[in-house]
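**Student:** Before we start, here is the structure in question, set down as structure tokens.
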Amino acid sequence: MPWSPTLNLMDLDRTRPLWRQIAAEIIRRIKNGTYPPGSRVPSTLEIAQEFGVVNATAAKAMRHVREQGWTRGEVGLGTFVADPLPPADEAESTS
């Protein structure tokens with residue numbers, strides 16, 4: 001089966017930057033438990049490959065997710081879902 005990115009580029013909301021759409025998807029996965037609190041999230045490279053974007057776009061999306069309080073980085077270990085999660089009214093959902 002041929003590879004295809006998670007976000008179909010034909011289905012994207014062209015009024016919102018791609019990095020924001022990726023950030024919203026990562027936050028959705030955190031909220032629905034796909035990435036539970038304390039768990040490691042995919043690396044920027046893995047995100048770029050999954051969504052079919054360049055590394056800089058994935059990095060910008062992940063930086064936004066971190067700035068909103070959904071993740072935290074640990075030098076040499078990776079990026080992890082915040083534990084506890086930020087209160088819904090204090091963190092932008094990027095929807």
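Residues are referred to by chain and number: the chain letter is A, B, ... according to the order shown in the structure tokens, the number counts from 1 in that chain, and ligands are numbered separately from 1 in the order shown.
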For Val81 (chain A), find every residue with an atom within 7 Å (counting only C-alpha atoms), except residues of its own chain fewer than 5 positions away, and show them as a ChimeraX atom specification.
**Tutor:** /A:35-41,70-72
**Student:** Quick one: everything within 10 Å of Ile22 (chain A), counting only C-alpha atoms, minus sequence neighbours fewer than 5 positions away in the same chain. Send it as number ranges by chain.
**Tutor:** A: 6-7, 17, 27-28, 47-48, 51, 53, 57-58, 60-62, 64-65, 94
**Student:** Since we have the selection now, will you write its residues out, keeping N, CA, C and O atoms, as a compact mmCIF listing (two decimals), in the first residue's frame?
**Tutor:**
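Dumped everything to again-v4.txt:
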```txt
# COMPACT_ATOMS: atom_id res chain seq x y z
N THR A 6 -0.97 11.59 7.22
CA THR A 6 -2.19 11.56 8.03
C THR A 6 -3.17 12.63 7.59
O THR A 6 -4.35 12.38 7.44
N LEU A 7 -2.67 13.84 7.40
CA LEU A 7 -3.55 14.91 6.93
C LEU A 7 -3.53 14.90 5.41
O LEU A 7 -2.48 15.09 4.81
N PRO A 17 -2.83 28.25 8.64
CA PRO A 17 -1.49 27.71 8.35
C PRO A 17 -1.41 26.21 8.68
O PRO A 17 -2.03 25.74 9.64
N ILE A 27 -2.84 18.30 19.72
CA ILE A 27 -3.61 18.62 20.92
C ILE A 27 -4.85 17.75 21.00
O ILE A 27 -5.21 17.26 22.08
N ARG A 28 -5.51 17.50 19.88
CA ARG A 28 -6.68 16.61 19.86
C ARG A 28 -6.29 15.23 20.36
O ARG A 28 -7.00 14.61 21.16
N ILE A 47 6.86 13.58 13.28
CA ILE A 47 5.67 14.37 12.95
C ILE A 47 5.75 14.83 11.50
O ILE A 47 4.77 14.74 10.75
N ALA A 48 6.93 15.32 11.08
CA ALA A 48 7.11 15.78 9.70
C ALA A 48 6.82 14.65 8.72
O ALA A 48 6.13 14.85 7.71
N PHE A 51 2.93 13.71 8.70
CA PHE A 51 2.04 14.68 8.06
C PHE A 51 2.52 15.11 6.68
O PHE A 51 1.86 15.91 6.02
N VAL A 53 5.21 16.92 5.79
CA VAL A 53 5.66 18.31 5.76
C VAL A 53 7.16 18.38 6.02
O VAL A 53 7.77 17.40 6.44
N THR A 57 8.15 23.01 9.57
CA THR A 57 6.71 23.14 9.81
C THR A 57 6.32 22.31 11.03
O THR A 57 5.56 22.78 11.89
N ALA A 58 6.84 21.10 11.11
CA ALA A 58 6.54 20.24 12.26
C ALA A 58 7.09 20.86 13.54
O ALA A 58 6.43 20.84 14.58
N LYS A 60 7.56 24.03 14.20
CA LYS A 60 6.73 25.18 14.58
C LYS A 60 5.45 24.70 15.26
O LYS A 60 5.01 25.27 16.26
N ALA A 61 4.86 23.64 14.73
CA ALA A 61 3.64 23.09 15.33
C ALA A 61 3.92 22.58 16.74
O ALA A 61 3.17 22.89 17.68
N MET A 62 5.01 21.86 16.91
CA MET A 62 5.34 21.30 18.22
C MET A 62 5.72 22.40 19.21
O MET A 62 5.41 22.30 20.40
N HIS A 64 4.44 25.38 19.25
CA HIS A 64 3.15 25.96 19.64
C HIS A 64 2.46 25.08 20.69
O HIS A 64 1.94 25.60 21.68
N VAL A 65 2.47 23.78 20.48
CA VAL A 65 1.85 22.85 21.43
C VAL A 65 2.53 23.00 22.80
O VAL A 65 1.85 23.07 23.84
N THR A 94 -6.32 25.61 19.63
CA THR A 94 -5.85 25.74 18.25
C THR A 94 -6.82 25.11 17.27
O THR A 94 -6.44 24.50 16.30
```
**Student:** Record the distance separating CA of Leu45 (chain A) and CA of Gly73 (chain A), expressed in Å with one decimal.
**Tutor:**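 So the two atoms, CA of Leu45 (chain A) and CA of Gly73 (chain A), lie 14.9 Å apart.
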**Student:** Please identify the strand (DSSP E) residues within chain A (assignment by DSSP from backbone atoms) and present them as a list in words.
**Tutor:**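 Matching residues for strand (DSSP E) in chain A are Thr71, Arg72, Gly73, Glu74, Gly78, Thr79, Phe80 and Val81 of chain A.
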**Student:** Print the selection's residues with C-alpha atoms to a file, as a JSON list (two decimals), in the first residue's frame.
**Tutor:**
```
[["chain", "number", "residue", "atom", "x", "y", "z"],
["A", 71, "THR", "CA", 3.93, 19.19, 26.36],
["A", 72, "ARG", "CA", 7.32, 19.58, 28.02],
["A", 73, "GLY", "CA", 10.77, 18.78, 26.71],
["A", 74, "GLU", "CA", 13.48, 16.83, 28.51],
["A", 78, "GLY", "CA", 12.39, 13.86, 24.05],
["A", 79, "THR", "CA", 9.05, 15.60, 24.39],
["A", 80, "PHE", "CA", 6.40, 14.39, 26.79],
["A", 81, "VAL", "CA", 2.74, 15.17, 27.39]]
```
**Student:** To test your reading of the structure, identify every residue in region 8-66 of chain A that backbone DSSP assigns to helix (DSSP H, G or I), and report it as a ChimeraX atom specification.
**Tutor:** /A:9-11,18-31,44-51,55-66
**Student:** How many Å lie between CA of Thr15 (chain A) and CA of Gly33 (chain A), rounded to one decimal?
**Tutor:**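 CA of Gly33 (chain A) lies 27.8 Å from CA of Thr15 (chain A).
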